[in-house]
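Notes for the one structure printed next.
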Amino acid sequence: MLQVLLKNDGPIRLNAEFDCTRGELLALVGPSGSGKTSVLRAIAGLLKSPSLQGRVSVGNKAEDLWFDSARGIRQAPQQRRVGLVFQHYALFPHLTAIENVALAAHPSRAAAYFEALFERMGLVGLQHRRPSQLSGGQQQRVALARALARELQVLLLDEPFLPSMHRRARRCTTSWRPCARASRFPWCW
């Protein structure tokens, strides 16, 4: 379970408290500039604000405590088992789709794993294309595949429906629910 309690009085003001259980979809909703992306960045360990206070944990083991300002614990982003799909996908333009995804996966992953992941994401035949050769929706799915390629405890999606507008967002949310429920981690956007 993802447990978040964050407060920041610095230049980026935050005040968030929520839990998100395994297989649950949780949406952070608010107007532009309200701190949704900053909350996701704080969970992932990418927000480097000295005034950030609170706690982020994903379980009961010591390594599951990612951030605790009172105890001086701040795990580096690469130590957190989190997948993050950025608002503009952050794909490396000089790498192919499969190379972008492979960067996040454990080196022991075999070709069959990537084939299955690309099939599940509807990306078969696009493995060797660079991001500039993919549509926006295909780029988004490559970014999601890259996030899922990690051994996750939490999946974070920053504005996943921004390019698709509200009507398509409702359809996407409905289609993602079964996948989220079957997953071993919380989904938060």
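A note on labels: chains of the structure tokens are A, B, ... as shown, every chain counts residues from 1, and ligands are counted from 1 in their shown order.
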>> Can you pull out the residues contacting Ala44 of chain A? Cut-off 9 Å, using only C-alpha atoms, and skip same-chain residues under 5 positions away; I want them as a PyMOL selection string.
In response: chain A and resi 39+66+76-78+80-84+156
> Contacts of Arg74 of chain A at 12 Å or less, counting only C-alpha atoms, minus same-chain residues fewer than 3 places along, as a ChimeraX atom specification?
Replying inline: /A:42-50,52-57,63-71,77-80
> Could you name the residues that touch His128 of chain A at 9 Å or less, counting only C-alpha atoms, but leaving out those on the same chain fewer than 6 positions away, as a ChimeraX atom specification?
Replying inline: /A:95-99
> How would you write, as a PyMOL selection string, the set of residues in segment 28-175 of chain A that DSSP gives as strand (DSSP E or B)?
Replying inline: chain A and resi 53-57+65-68+73-74+82-85+154-157
